[in-house]
Every structure is written in C-alpha cells, then in structure tokens.
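Heads up, my_file17.pdb below (PDB, C-alpha atoms):
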```pdb
ATOM      1  CA  LYS A 947       0.000   0.000   0.000
ATOM      2  CA  VAL A 948       1.153   3.501  -0.814
ATOM      3  CA  PRO A 949       0.502   5.991   1.980
ATOM      4  CA  LEU A 950      -1.387   9.172   1.123
ATOM      5  CA  LEU A 951       1.104  11.867   1.998
ATOM      6  CA  ALA A 952       1.650  15.445   0.887
ATOM      7  CA  ASN A 953       3.970  14.248  -1.891
ATOM      8  CA  THR A 954       1.984  11.163  -2.985
ATOM      9  CA  TRP A 955      -1.695  12.113  -3.122
ATOM     10  CA  ARG A 956      -1.459  14.227  -6.293
ATOM     11  CA  PRO A 957       0.134  11.568  -8.528
ATOM     12  CA  ILE A 958      -2.217   8.924  -7.103
ATOM     13  CA  PHE A 959      -5.236  11.140  -7.767
ATOM     14  CA  MET A 960      -4.030  12.014 -11.270
ATOM     15  CA  CYS A 961      -3.560   8.329 -12.132
ATOM     16  CA  GLY A 962      -7.011   7.573 -10.774
ATOM     17  CA  LEU A 963      -8.510  10.250 -13.034
ATOM     18  CA  LEU A 964      -6.523   9.019 -16.014
ATOM     19  CA  LEU A 965      -7.583   5.407 -15.574
ATOM     20  CA  ALA A 966     -11.198   6.291 -14.781
ATOM     21  CA  SER A 967     -11.256   8.263 -18.012
ATOM     22  CA  LYS A 968      -9.884   5.294 -19.939
ATOM     23  CA  VAL A 969     -12.289   2.808 -18.351
ATOM     24  CA  TRP A 970     -15.531   4.793 -18.500
ATOM     25  CA  GLN A 971     -15.285   7.092 -21.502
ATOM     26  CA  ASP A 972     -15.580   5.841 -25.066
ATOM     27  CA  LEU A 973     -13.266   8.622 -26.252
ATOM     28  CA  SER A 974     -10.936   9.020 -23.294
ATOM     29  CA  SER A 975      -8.067  11.434 -22.884
ATOM     30  CA  TRP A 976      -4.549  10.393 -23.813
ATOM     31  CA  ASN A 977      -1.584  10.440 -21.457
ATOM     32  CA  ILE A 978      -0.045  13.288 -23.471
ATOM     33  CA  GLU A 979      -3.133  15.385 -22.721
ATOM     34  CA  PHE A 980      -2.730  14.717 -19.004
ATOM     35  CA  ALA A 981       0.904  15.818 -19.349
ATOM     36  CA  SER A 982      -0.297  19.206 -20.625
ATOM     37  CA  VAL A 983      -2.809  19.564 -17.769
ATOM     38  CA  TYR A 984      -0.246  18.408 -15.201
ATOM     39  CA  PRO A 985       2.965  20.045 -16.496
ATOM     40  CA  GLN A 986       4.855  18.948 -13.392
ATOM     41  CA  TYR A 987       4.789  15.397 -14.838
ATOM     42  CA  SER A 988       6.445  14.474 -18.116
ATOM     43  CA  LEU A 989       4.747  12.020 -20.464
ATOM     44  CA  ASP A 990       7.295   9.385 -19.480
ATOM     45  CA  ALA A 991       6.592  10.010 -15.780
ATOM     46  CA  ILE A 992       2.826   9.700 -16.363
ATOM     47  CA  ASN A 993       3.325   6.425 -18.240
ATOM     48  CA  ARG A 994       5.448   5.060 -15.364
ATOM     49  CA  LEU A 995       2.959   6.322 -12.749
ATOM     50  CA  GLU A 996       0.105   4.659 -14.628
ATOM     51  CA  LEU A 997       1.910   1.338 -14.807
ATOM     52  CA  ASN A 998       2.911   1.520 -11.139
ATOM     53  CA  PHE A 999      -0.672   2.434 -10.149
ATOM     54  CA  LEU A1000      -2.068  -0.527 -12.119
ATOM     55  CA  ARG A1001       0.439  -2.904 -10.554
ATOM     56  CA  ASN A1002      -0.441  -1.656  -7.067
ATOM     57  CA  VAL A1003      -4.152  -2.262  -7.627
ATOM     58  CA  LYS A1004      -3.263  -5.606  -9.249
ATOM     59  CA  TRP A1005      -4.882  -4.421 -12.504
ATOM     60  CA  ASP A1006      -8.296  -4.555 -10.774
ATOM     61  CA  LEU A1007     -10.218  -1.409 -11.700
ATOM     62  CA  TYR A1008     -13.680  -2.747 -10.801
ATOM     63  CA  ILE A1009     -15.710  -0.577  -8.406
ATOM     64  CA  SER A1010     -18.885  -2.032  -6.941
ATOM     65  CA  THR A1011     -22.059   0.024  -6.924
ATOM     66  CA  SER A1012     -22.090   0.113  -3.122
ATOM     67  CA  LEU A1013     -18.515   1.449  -2.940
ATOM     68  CA  TYR A1014     -19.273   4.004  -5.660
ATOM     69  CA  ALA A1015     -22.412   5.145  -3.806
ATOM     70  CA  LYS A1016     -20.502   5.420  -0.521
ATOM     71  CA  TYR A1017     -17.937   7.845  -1.982
ATOM     72  CA  TYR A1018     -20.422   9.637  -4.219
ATOM     73  CA  PHE A1019     -22.597  10.633  -1.272
ATOM     74  CA  ALA A1020     -19.578  11.490   0.899
ATOM     75  CA  LEU A1021     -18.242  13.838  -1.800
ATOM     76  CA  ARG A1022     -21.685  15.255  -2.474
ATOM     77  CA  SER A1023     -22.082  16.152   1.204
ATOM     78  CA  LEU A1024     -18.781  18.059   1.025
ATOM     79  CA  VAL A1025     -19.996  20.117  -1.924
ATOM     80  CA  GLU A1026     -23.185  21.006  -0.076
ATOM     81  CA  LYS A1027     -21.233  22.585   2.779
ATOM     82  CA  VAL A1028     -21.279  26.376   2.867
ATOM     83  CA  ASP A1029     -18.591  28.040   0.713
ATOM     84  CA  PHE A1030     -16.966  24.726  -0.200
ATOM     85  CA  ARG A1031     -16.936  25.497  -3.929
ATOM     86  CA  GLN A1032     -15.413  28.970  -3.426
ATOM     87  CA  ARG A1033     -12.731  27.667  -1.071
ATOM     88  CA  TYR A1034     -11.958  24.794  -3.453
ATOM     89  CA  ASN A1035     -11.670  27.116  -6.460
ATOM     90  CA  ARG A1036      -9.285  29.397  -4.547
ATOM     91  CA  MET A1037      -7.219  26.371  -3.494
ATOM     92  CA  VAL A1038      -6.794  24.980  -7.020
ATOM     93  CA  GLY A1039      -5.985  28.283  -8.643
ATOM     94  CA  GLY A1040      -9.235  29.855  -9.752
ATOM     95  CA  VAL A1041     -10.209  30.870 -13.242
ATOM     96  CA  ASP A1042      -6.849  32.176 -14.440
ATOM     97  CA  SER A1043      -4.805  29.060 -13.777
ATOM     98  CA  VAL A1044      -2.843  27.449 -16.596
ATOM     99  CA  ALA A1045      -4.130  24.004 -15.665
ATOM    100  CA  GLN A1046      -7.730  25.128 -16.074
ATOM    101  CA  SER A1047      -6.925  26.677 -19.437
ATOM    102  CA  GLU A1048      -5.341  23.427 -20.611
ATOM    103  CA  ALA A1049      -8.254  21.421 -19.204
ATOM    104  CA  LEU A1050     -10.683  23.546 -21.225
ATOM    105  CA  LYS A1051      -8.647  22.917 -24.386
ATOM    106  CA  ILE A1052      -8.785  19.171 -23.755
ATOM    107  CA  SER A1053     -12.503  19.344 -23.057
ATOM    108  CA  LYS A1054     -13.117  21.166 -26.346
ATOM    109  CA  ARG A1055     -10.883  18.706 -28.238
ATOM    110  CA  THR A1056     -12.702  15.738 -26.697
ATOM    111  CA  GLU A1057     -16.074  17.213 -27.624
ATOM    112  CA  GLN A1058     -14.883  17.823 -31.205
ATOM    113  CA  ILE A1059     -13.599  14.243 -31.538
ATOM    114  CA  LYS A1060     -16.874  12.938 -30.147
ATOM    115  CA  GLU A1061     -18.878  14.970 -32.671
ATOM    116  CA  GLU A1062     -16.652  13.784 -35.527
ATOM    117  CA  ALA A1063     -17.052  10.150 -34.450
ATOM    118  CA  ILE A1064     -20.835  10.504 -34.289
ATOM    119  CA  LEU A1065     -20.854  12.113 -37.725
ATOM    120  CA  GLN A1066     -18.723   9.298 -39.195
ATOM    121  CA  LEU A1067     -20.932   6.691 -37.565
ATOM    122  CA  SER A1068     -24.093   8.293 -38.935
ATOM    123  CA  ARG A1069     -22.558   8.397 -42.450
ATOM    124  CA  SER A1070     -21.677   4.710 -42.278
ATOM    125  CA  MET A1071     -25.259   3.672 -41.529
TER     126      MET A1071
END
```

Could you write out this structure as structure tokens?
Amino acid sequence: KVPLLANTWRPIFMCGLLLASKVWQDLSSWNIEFASVYPQYSLDAINRLELNFLRNVKWDLYISTSLYAKYYFALRSLVEKVDFRQRYNRMVGGVDSVAQSEALKISKRTEQIKEEAILQLSRSM
C-alpha cells in the first residue's frame, strides 16, 4: 500500500482520473493530454505512474455500486457545505490558472472528436 502523503496524493489522484477516463469514456483522454494539464509530470513520468498504479491495484479497476455510492454521497455532502466550492476554487488556482486553461482545451478537443465520431458513424449507416 502507498501511503497518502503530501507528496503522494497528487500523482495517485491524477492516475485515478486518467484510468477512470480510460475505463468509463468511449473517447478518453490520452496520457499526453494529461501531461499538458499536469505540467509537473512528463509524459514518461505519467506512463510510469500509470503502470505503477495498475500494478499496485493488481490491474483490478472494478468498483462495486455500493462502494461508488458510498464515496459519491460522501463527496456530495462536502460540496453542499457552505462556501466549499469557493474555497476549493481558490485552493486549485481559480479561473486564471494554466491548468484550467489546458483542461478547457482538452474538453473542447474531446467534444470535437466525439462529434466527428458521431458524424462518421451516422454516415456509415
């Protein structure tokens, strides 16, 4: 087990997001896109982190509905607390942060790819 410490939680969280994206989204983000959102990690570092993460969870990415519900409602209760969203936005850098700008670019690119895929699929029918 890897302890959640000040220097370990960010890479663990980032790998969790990356793998969740790959498991649940039909058109998921690529590691290179995560490297632009998280510039503190090179593409090679993200690839190594991903592999290490998968080895530590023994390649088991299954999440039961009860475990999902447990964390969903715990996180939802946090959001409902007074001023949580404002404090969170200040903590992660607000609207002008580079990471948010890069995340918006990736979001737009993902949406464009999705639209193109739907268009190609509709033409093939």

Legend entry - All residues 7 Å or closer to stretch 967-981 of chain A, all atoms listed in the file, same chain fewer than 6 positions away omitted, as a ChimeraX atom specification: /A:987-989,992,1052,1060

Inset, instruction - Go ahead and compute the interatomic distance for atom CA of A:Ala1015 and atom CA of A:Ser1053, in Å to one decimal. - result: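 Computed distance, atom CA of A:Ala1015 to atom CA of A:Ser1053, equals 25.9 Å.
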
Inset, instruction - Provide the atom CA of A:Ala1049 to atom CA of A:Leu963 distance in Å, to one decimal place. - result: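 Separation of atom CA of A:Ala1049 and atom CA of A:Leu963: 12.8 Å.
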
Legend entry - One-decimal distance in Å that lies between atom CA of A:Leu950 and atom CA of A:Lys1027: 24.0 Å

Inset, instruction - Between A:Ile1064, A:Leu995, A:Leu1000, A:Leu1024, single out the one closest to A:Met960, counting all atoms listed in the file. - result: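 Using all atoms listed in the file, A:Met960 sits closest to A:Leu995.
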
Inset, instruction - Could you check which of A:Tyr1008, A:Tyr1014, A:Phe1019, A:Phe1030 is closest to A:Leu965, using only C-alpha atoms? - result: A:Tyr1008

If I wrap all listed atoms of stretch 975-984 of chain A in a box with edges along x, y and z and add 4 Å on each side, what are its centre and edge lengths in Å to one decimal, as AutoDock Vina command-line options?
```
--center_x -3.6 --center_y 15.0 --center_z -19.5 --size_x 17.0 --size_y 17.2 --size_z 16.6
```

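Of the listed residues A:Asp1006, A:Ala1020, A:Leu951, A:Pro957, the one whose atoms come nearest to A:Tyr984 is A:Pro957, with distances taken using all atoms listed in the file.
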